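A.B. asks: Below is a structure I'd like to ask you about.
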Amino acid sequence: MHVRADQRFPIQIELNGRQREGLAEPRMQLCDFLRHELGTTGVHVGCEHGVCGACTVLVDGVASRSCLMLAVQAHERRIDTVESLSRDNIMNDLQQAFSRHHALQCGFCTAGILMSCVEFLERVPSPDETQVRDMLSGHLCRCTGYTGMVRAVLEVAQQRQETLVENNNDV
Amino acid sequence: MYMQKSIAEATVGHIGSRQARVEDAALLQGQGRYADDMATPPGTLQAAVVRSPHAHARIRSVDASRALTMKGVHGVLTGDDVKRWSNPFPVGVRAPMEHWPLAVDKVRYVGEPVCVVIADDRYLAEDALDAVQVEYEPLTPIIDPEAATLNDAPILHEGVGSNVVNERNFRYGDPERAFAEAPHRITLKVQYPRNSCTPIECYVVLAQYLPASETYDVMANFQGPYALHSVMCRALNVPANRLRLRTPPDSGGSFGIKQGVFPYVVLMGLASRKVGAPVKWVEDRLEHLQASSSATNRVCEIEAAVEANGRVTALRYDQIDDCGAYLRAPEPATFYRMHGNLSGAYTIRNLAVRNRVVLTNKMPTGLNRGFGGGQVYFALERLMQHVAAELGLDPLEVIQRNLVPAGVFPYRAAAGALLDSGDYPAAVELARRKGNLDELLQRRDQARAEGRLYGIGYAAVVEPSISNMGYITVAMTPEERQKAGPKNGAVSTATVSVDPLGSVTAHVSSTPQGQGHQTVVAQIISELLGVKLESISVNVELDTGKDAWSIASGNYSSRFSGAVAGSVYNATLKIRERMATIAADMWQVSSTDVRFADGKIFVENGPSQPFHRVAGTTHWSPGLLPEGETGGLRETAFWTPPQLEAPNDQDCINSSLCYGFILDFCGVEIDRVTGQVRIDKYVTTHDAGRILNPMLVEGQILGAYSQALGVALMEEFAYGEDGSFLSGTLADYLIPTAPEVVDPVILHMETPSPFTPLGAKGVGEGNNMSTPVCIANAVADALGRSDIKLPLTPSRVRSMIGIDEPAAPEGLVMDAPKVAGGSALQANDLVEIPAPPQQVFDAILDPETLKAIIPGCHALELESENHYRADVTVGVGMIRARFAARVALTDLDPPHSLRLSGSGNSPMGSATGSAKINLVALENGNTRLEYAYEAAVTGKVAAVGGRMLQSASRVIIGQIFTRLAQRLSGKPIDTSLWQRLRALLGMGGTK
């Protein structure tokens with residue numbers, strides 16, 4: 001495809017389980033495309049240089065900085081944002097644990113952190129505290145000191161393991 | 001006053017309970033509504049700001065003509081427009097200092113706004129930034145606050161004639177006598193650095209100028225104080241009802257920093273006026289770090305008059321606050337917020353204080369969580385530790401010997417603070433016992449016995465909350481205050497209404513940024529009106545066009561739990577009294593017998609009605625209401641405490657309404673090799689009066705503590721000697737991440753404040769005040785040193801430990817030590833060129849060759865012999881800049897040596913450098929070209945490329961000579977050859 005700098009291209013993505021299409025210039029960042037073209041304002045932009053992690057989304061299931069990726073690079077890929085986590089306005093276990101443990105205050109960094117946690121718990125179902133803190137080190141939070149997040153992630157991991165054991169016992 | 005049950009007794013959802021937050025569901029599902037998420041009017045344009053690359057320069061000319069021809073650009077706001085349509089911001093001291101929202105004559109700090117480009121979108125606006133031609137005449141900058149006070153220092157504001165824009169001297173008690181009589185005088189000089197709590201959401205402003213009504217309608221994530229609304233109106237030259245300022249429902253953190261949005265409210269209002277369309281501006285991170293706001297750096301010499309047992313009888317403070325390039329409101333408040341409680345938690349009756357406010361070429365300062373407290377306590381508590389060390393006493397004993405005793409509250413401190421309540425000795429005892437101090441002391445002994453560096457630090461802190469709006473006037477003399485009229489108080493507001501269907505809505509003007517105000521407001525109303533917490537709607541948006549507000553509105557000085565929650569309580573009581581009167585009239589009972597619970601209004605063992613029925617009566621059937629009842633159900637409470645009086649003629653000021661108490665201690669171990677400070681254990685004990693929601697209080701403490709860890713160990717806004725800002729990315733300005741934060745042990749006691757409706761005090765800022773100095777004291781203890789500077793980075797600590805560097809491995813050539821200054825770079829290297837020296841020498845002097853070997857050189861034009869003008873693009877890290885450069889070849893000694901130097905300016909900053917080149921003839925007929933260079937960069941390149949500059953400059957300069965080699969050999973040079981050569985010549989790795 002020949003790409004012109006000032007031309008807008010149709011970008012198709014599977015966004016939170018739905019096929020969506022929008023227009024983007026080649027230089028448009030994915031985070032701007034998600035927020036301003038497609039309206040997923042749950043994606044937050046904190047530094048635009050890949051350090052703070054607020055803009056983290058899942059690209060084909062992998063936690064990625066949407067400020068370090070161009071919209072055109074996301075063409076025909078699957079993107080999941082924080083908006084995908086609850087079903088029918090019922091928060092998932094991780095979101096509920098964040099609330100229970102006061103793991104958020106202003107909530108601005110939270111959207112990205114939740115997405116990293118989602119991916120992490122799939123990769124590392126029974127993490128210890130050091131691993132959780134290491135994973136969280138890809139994010140900056142200025143409100144909480146991270147304590148509540150660590151507790152929430154560890155608790156959810158344990159609950160999921162217990163559920164798994166119970167289900168296996170049922171079988 | 002409200003009589004509260006203990007936390008254990010608090011009913012779920014009521015005051016004092018660990019209620020989960022009503023804010024969370026939206027925020028966790030990506031449904032928060034932050035400033036950048038808000039709808040914009042059709043036709044809204046986007047702004048980008050042209051900023052100064054110089055710390056100090058005169059603006060010779062501004063030419064926006066090329067930018068105006070660019071695609072999508074609608075207009076460029078310049079200093080001339082700003083001068084035509086606005087006034088300089090009013091300043092809190094009597095000095096003829098002009099601060100405009102854009103630089104008009106001079107730039108005074110790197111990042112200062114110079115023009116605003118307004119375009120169709122943010123990308124296009126940023127494209128056009130580089131096309132605005134600003135010609136500067138660089139002036140000598142002044143960065144060091146002490147040097148800035150000297151007579152020969154460069155002057156920032158010629159109209160003022162001095163960089164010291166305010167000086168006040170204070171005397172309380174009889175300090176001269178106390179010092180004369182004291183057996184010991186112990187002095188310490190400390191510096192408190194610049195830093196910021198850096199919210200993750202940057203500034204956002206959406207402004208629309210409405211010409212028909214000459215109104216500026218602005219939405220911004222401004223946090224208050226709304227006293228600054230008056231400052232903005234003065235600057236915009238409009239009455240207060242012609243600046244409608246609104247805030248969005250959610251804000252991505254602030255911690256004081258979003259006070260600094262206000263100049264941009266004015267600026268974007270003017271930008272909208274310029275283009276006749278709504279204008280939106282979203283700040284980026286570099287703009288935020290270099291030019292939004294910063295804590296005030298302070299130099300303090302503090303001296304104590306001390307008795308043999310460690311009792312301090314007098315303090316002398318000699319302080320300089322560096323407020324940056326302009327004294328921006330509410331500065332010089334960093335000094336005066338803490339003024340009444342300069343004696344801390346101690347009964348020190350004699351004080352001598354000299355406060356000087358100095359301006360330097362740095363970004364202006366402002367509110368930052370713990371405002372003024374970090375600075376005061378870093379001096380005072382470091383001094384207390386130093387007193388103990390000097391006299392060979394236990395530091396905690398020295399603290400205890402000086403504490404305000406129990407049973408004397410409210411206690412009037414020497415400089416006027418009325419410490420409202422507390423039991424400081426009991427808090428110390430609680431900390432010692434429940435924090436297991438004895439065990440920590442044993443741990444230190446053991447660590448030391450093993451030869452490890454281990455120290456324990458303490459800090460006793462009085463945490464002020466609910467600022468007296470009059471404290472800032474202490475910067476003026478009593479005579480000046482007399483003229484200006486007294487200022488005092490702290491008006492808070494809350495509105496509670498019940499609608500025709502009986503649901504409750506509350507509004508507070510506290511503009512929270514994540515503290516959970518909505519939850520606490522709902523808890524109070526739920527308890528008082530007996531309605532379900534989830535059914536209550538709490539609105540925290542503030543609209544100056546229609547909401548109840550006053551100058552003290554906003555989110556600062558930890559005023560929510562004491563003042564705002566108190567007003568909610570008062571407003572809800574009014575509603576309850578009216579509803580009780582209506583019900584009592586209906587049932588012919590006494591209104592004091594009417595109860596509210598479980599969604600019902602009732603009399604014990606008597607009549608009962610659903611809450612919504614009684615509420616509905618006031619709307620649907622006002623004819624049935626008792627006499628004197630107006631109908632409708634909406635009550636606004638305004639509240640200001642009488643204890644917040646204006647400063648008196650002796651300059652005594654009760655600078656805050658409430659004073660919580662904190663006693664911290666910690667154990668740290670220092671790695672002898674790396675210099676890293678590891679927090680082994682941290683204990684923080686708080687008495688913040690009544691606790692309204694323990695979960696939120698814990699959250700505030702953890703958040704403040706973790707920010708304070710950053711202040712203690714990592715964070716600093718660094719400036720080069722040339723005023724370059726060196727912390728422009730979050731890779732350069734390091735803040736704590738999860739592995740660095742060691743959870744503290746948090747202990748509580750509750751001594752209610754007699755002055756607030758609910759007995760609560762502020763709690764959000766204490767650790768920002770106590771933790772940096774507590775850690776510093778532990779490091780002082782570990783190292784046995786008094787010269788502790790923050791942040792205690794590994795390199796700083798390592799230089800204090802004085803490790804003997806092991807000898808370098810054989811063959812390794814060490815980098816020369818970095819020269820002082822901004823981003824000074826230097827290194828040396830060599831290449832072998834397959835040509836004899838004379839040929840190499842001639843090639844360098846040949847313009848064609850020179851053009852070909854300079855990377856990114858678009859054009860090279862001869863100016864005079866061996867002097868050229870060049871047009872060069874250079875990229876470092878994430879930024880590229882096109883430099884208008886001058887290149888010169890001097891010190892010619894053919895064919896042995898010469899010097900290649902260059903200097904250039906670009907919209908991203910300037911660069912200078914020179915390389916000394918030696919040509920050595922080799923036996924094989926080739927030439928060994930040795931070069932040593934020094935370079936320096938300023939502006940944006942220095943700010944965002946800091947981490948990459950050393951390697952980038954090495955690559956770029958290396959390219960010049962590899963290209964020369966290539967050109968002379970006519971073939972690409974095998975780089976592995978260079979590596980082999982290096983190894984052969986014992987040059988090892990060049991990092």
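Ordering of the structure tokens sets the chain letters (A, B, ...); residue numbers start at 1 within each chain; ligands are numbered from 1 in the order shown.
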Tell me the residues of chain A close to chain B, meaning within 6 Å using only C-alpha atoms, as a VMD selection string.

C.D. replies: chain A and resid 42 46 to 47 82 to 83 105 to 108 133 136 to 137 143 to 146

A.B. asks: Can you tell me, as number ranges by chain, which residues in range 23-167 of chain A count as strand (DSSP E or B) by DSSP?

C.D. replies: A: 23-24, 29, 56-59, 62-65, 70, 78-80, 87, 90

A.B. asks: Go ahead and write the residues just picked, all heavy atoms, as a tab-separated table (two decimals), in the first residue's frame.

C.D. replies:
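Contents of again31.tsv, as written:
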chain	number	residue	atom	x	y	z
A	23	LEU	N	-10.85	6.31	10.63
A	23	LEU	CA	-9.83	6.84	9.74
A	23	LEU	C	-8.66	7.37	10.54
A	23	LEU	O	-8.84	7.98	11.60
A	23	LEU	CB	-10.43	7.97	8.89
A	23	LEU	CG	-11.54	7.56	7.91
A	23	LEU	CD1	-12.20	8.79	7.32
A	23	LEU	CD2	-10.97	6.67	6.82
A	24	ALA	N	-7.46	7.13	10.01
A	24	ALA	CA	-6.27	7.63	10.69
A	24	ALA	C	-5.20	7.99	9.69
A	24	ALA	O	-4.97	7.26	8.73
A	24	ALA	CB	-5.74	6.59	11.66
A	29	GLN	N	-1.21	8.23	16.56
A	29	GLN	CA	-0.93	7.23	17.59
A	29	GLN	C	-2.19	6.39	17.83
A	29	GLN	O	-3.31	6.89	17.72
A	29	GLN	CB	-0.54	7.91	18.90
A	29	GLN	CG	0.81	8.60	18.84
A	29	GLN	CD	1.04	9.48	20.05
A	29	GLN	OE1	0.10	9.96	20.67
A	29	GLN	NE2	2.30	9.70	20.38
A	56	THR	N	-1.99	1.60	28.40
A	56	THR	CA	-1.81	0.19	28.06
A	56	THR	C	-3.13	-0.47	27.63
A	56	THR	O	-4.15	-0.35	28.31
A	56	THR	CB	-1.21	-0.57	29.26
A	56	THR	OG1	0.02	0.06	29.62
A	56	THR	CG2	-0.97	-2.04	28.94
A	57	VAL	N	-3.08	-1.16	26.50
A	57	VAL	CA	-4.22	-1.94	26.01
A	57	VAL	C	-3.68	-3.32	25.61
A	57	VAL	O	-2.46	-3.53	25.59
A	57	VAL	CB	-4.88	-1.27	24.78
A	57	VAL	CG1	-5.41	0.11	25.13
A	57	VAL	CG2	-3.91	-1.19	23.60
A	58	LEU	N	-4.57	-4.25	25.33
A	58	LEU	CA	-4.12	-5.53	24.83
A	58	LEU	C	-4.19	-5.52	23.31
A	58	LEU	O	-5.23	-5.20	22.74
A	58	LEU	CB	-4.99	-6.67	25.37
A	58	LEU	CG	-5.05	-6.83	26.89
A	58	LEU	CD1	-5.83	-8.11	27.25
A	58	LEU	CD2	-3.66	-6.88	27.51
A	59	VAL	N	-3.07	-5.83	22.66
A	59	VAL	CA	-3.03	-5.97	21.21
A	59	VAL	C	-2.85	-7.45	20.92
A	59	VAL	O	-1.82	-8.02	21.27
A	59	VAL	CB	-1.88	-5.14	20.60
A	59	VAL	CG1	-1.86	-5.32	19.08
A	59	VAL	CG2	-2.03	-3.66	20.96
A	62	VAL	N	-1.76	-9.13	24.01
A	62	VAL	CA	-0.50	-8.76	24.65
A	62	VAL	C	-0.58	-7.31	25.12
A	62	VAL	O	-0.93	-6.41	24.35
A	62	VAL	CB	0.68	-8.92	23.67
A	62	VAL	CG1	1.98	-8.51	24.34
A	62	VAL	CG2	0.76	-10.35	23.17
A	63	ALA	N	-0.25	-7.09	26.39
A	63	ALA	CA	-0.30	-5.73	26.94
A	63	ALA	C	0.70	-4.84	26.22
A	63	ALA	O	1.88	-5.16	26.14
A	63	ALA	CB	0.01	-5.77	28.43
A	64	SER	N	0.22	-3.73	25.66
A	64	SER	CA	1.06	-2.87	24.83
A	64	SER	C	0.74	-1.41	25.11
A	64	SER	O	-0.39	-1.06	25.43
A	64	SER	CB	0.81	-3.14	23.34
A	64	SER	OG	0.82	-4.52	23.07
A	65	ARG	N	1.75	-0.57	24.94
A	65	ARG	CA	1.56	0.87	25.10
A	65	ARG	C	0.89	1.42	23.84
A	65	ARG	O	1.51	1.39	22.76
A	65	ARG	CB	2.90	1.58	25.26
A	65	ARG	CG	3.76	1.08	26.38
A	65	ARG	CD	3.25	1.61	27.69
A	65	ARG	NE	4.30	1.65	28.68
A	65	ARG	CZ	4.25	0.97	29.84
A	65	ARG	NH1	3.23	0.21	30.12
A	65	ARG	NH2	5.24	1.10	30.71
A	70	LEU	N	1.36	3.05	16.27
A	70	LEU	CA	0.54	3.84	15.37
A	70	LEU	C	-0.77	3.12	15.10
A	70	LEU	O	-0.82	1.87	15.13
A	70	LEU	CB	1.29	4.08	14.05
A	70	LEU	CG	2.61	4.84	14.19
A	70	LEU	CD1	3.39	4.81	12.89
A	70	LEU	CD2	2.34	6.28	14.63
A	78	ARG	N	-6.64	-7.36	17.00
A	78	ARG	CA	-7.63	-7.33	18.07
A	78	ARG	C	-7.12	-6.41	19.19
A	78	ARG	O	-6.00	-6.59	19.67
A	78	ARG	CB	-7.84	-8.75	18.61
A	78	ARG	CG	-9.10	-8.89	19.43
A	78	ARG	CD	-9.28	-10.32	19.94
A	78	ARG	NE	-8.54	-10.52	21.17
A	78	ARG	CZ	-7.63	-11.48	21.37
A	78	ARG	NH1	-7.34	-12.32	20.38
A	78	ARG	NH2	-7.01	-11.61	22.53
A	79	ILE	N	-7.93	-5.46	19.58
A	79	ILE	CA	-7.56	-4.54	20.65
A	79	ILE	C	-8.58	-4.67	21.77
A	79	ILE	O	-9.79	-4.62	21.52
A	79	ILE	CB	-7.58	-3.07	20.17
A	79	ILE	CG1	-6.75	-2.87	18.89
A	79	ILE	CG2	-7.12	-2.13	21.28
A	79	ILE	CD1	-5.28	-2.92	19.07
A	80	ASP	N	-8.09	-4.84	23.00
A	80	ASP	CA	-8.99	-4.84	24.16
A	80	ASP	C	-8.59	-3.73	25.10
A	80	ASP	O	-7.41	-3.58	25.44
A	80	ASP	CB	-8.94	-6.19	24.87
A	80	ASP	CG	-9.53	-7.30	24.01
A	80	ASP	OD1	-10.74	-7.25	23.76
A	80	ASP	OD2	-8.75	-8.17	23.56
A	87	ARG	N	-19.07	-7.07	32.30
A	87	ARG	CA	-20.17	-7.59	31.47
A	87	ARG	C	-21.48	-7.07	32.06
A	87	ARG	O	-21.74	-7.26	33.24
A	87	ARG	CB	-20.20	-9.11	31.50
A	87	ARG	CG	-19.03	-9.78	30.77
A	87	ARG	CD	-19.31	-9.92	29.26
A	87	ARG	NE	-18.13	-10.39	28.55
A	87	ARG	CZ	-17.13	-9.59	28.13
A	87	ARG	NH1	-17.18	-8.29	28.32
A	87	ARG	NH2	-16.08	-10.09	27.50
A	90	ILE	N	-21.49	-5.31	35.28
A	90	ILE	CA	-21.00	-6.01	36.47
A	90	ILE	C	-19.48	-6.15	36.33
A	90	ILE	O	-18.99	-6.73	35.36
A	90	ILE	CB	-21.66	-7.40	36.63
A	90	ILE	CG1	-23.16	-7.19	36.87
A	90	ILE	CG2	-21.04	-8.17	37.79
A	90	ILE	CD1	-23.96	-8.46	36.84

A.B. asks: I need the residue nearest Arg142 in chain A from this list: B:Ala131, B:Ala708, B:Pro278, B:Gly945. Use only C-alpha atoms for the distance.

C.D. replies: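 Closest residue, counting only C-alpha atoms: B:Ala708.
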
A.B. asks: Can you check which residues of range 102-330 of chain B DSSP gives as helix (DSSP H, G or I) on the backbone and send them as number ranges by chain?

C.D. replies: B: 122-129, 145-148, 175-181, 211-213, 227-236, 240-242, 257-275, 285-291

A.B. asks: Which residues are near range 320-327 of chain B? Cut-off 8 Å, only C-alpha atoms, ignore same chain within fewer than 4 positions. Put them as an MDAnalysis selection string.

C.D. replies: chainID B and resid 91:92 97 99 108:109 145:146 156 296:300 331:332 334:335 355:366

A.B. asks: Write out as a list in words each polymer residue whose atoms come within 12 Å of Gln73 in chain A, counting only C-alpha atoms; drop sequence neighbours fewer than 2 positions from it.

C.D. replies: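 Here the qualifying residues turn out to be Phe9, Pro10, Ile11, Gln12, Ile13, Ala24, Glu25, Pro26, Arg27, Met28, Gln29, Leu30, Cys31, Phe33, Val59, Asp60, Ser66, Cys67, Leu68, Met69, Leu70, Ala71, His75, Glu76, Arg77, Arg78 and Ile79 of chain A.
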
A.B. asks: Please provide the set of residues having any atom within 9 Å of Glu832 in chain B, restricted to only C-alpha atoms, with same-chain residues fewer than 5 positions apart removed, written as a PyMOL selection string.

C.D. replies: chain B and resi 922+926-930+962+965+978+981

A.B. asks: If you keep N, CA, C and O atoms, can you produce a file of those selected residues as a compact mmCIF listing (two decimals), in the first residue's frame?

C.D. replies:
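For reference, again-v7.txt as written:
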# COMPACT_ATOMS: atom_id res chain seq x y z
N LEU B 922 51.19 6.85 10.12
CA LEU B 922 51.49 5.48 10.52
C LEU B 922 52.51 4.89 9.55
O LEU B 922 52.66 5.36 8.42
N ASN B 926 49.19 4.99 6.29
CA ASN B 926 47.88 5.50 6.70
C ASN B 926 48.03 6.59 7.76
O ASN B 926 49.12 6.89 8.22
N THR B 927 46.86 7.13 8.14
CA THR B 927 46.84 8.16 9.17
C THR B 927 45.99 7.70 10.33
O THR B 927 44.90 7.15 10.12
N ARG B 928 46.50 7.91 11.52
CA ARG B 928 45.65 7.71 12.69
C ARG B 928 45.08 9.08 13.06
O ARG B 928 45.83 10.00 13.39
N LEU B 929 43.73 9.19 12.95
CA LEU B 929 43.06 10.45 13.28
C LEU B 929 42.54 10.33 14.71
O LEU B 929 41.66 9.52 15.00
N GLU B 930 43.13 11.14 15.60
CA GLU B 930 42.67 11.14 16.99
C GLU B 930 41.83 12.40 17.21
O GLU B 930 42.21 13.46 16.73
N THR B 962 34.21 8.51 10.48
CA THR B 962 34.09 7.28 9.68
C THR B 962 33.74 7.64 8.25
O THR B 962 34.20 7.02 7.31
N ALA B 965 36.80 8.69 6.51
CA ALA B 965 37.59 7.52 6.15
C ALA B 965 37.01 6.84 4.92
O ALA B 965 37.73 6.47 3.98
N TRP B 978 37.32 -1.50 13.32
CA TRP B 978 37.53 -0.50 14.37
C TRP B 978 37.54 -1.14 15.74
O TRP B 978 38.34 -0.78 16.60
N LEU B 981 40.77 -2.74 16.09
CA LEU B 981 41.79 -1.71 16.31
C LEU B 981 41.79 -1.21 17.74
O LEU B 981 42.82 -1.07 18.37
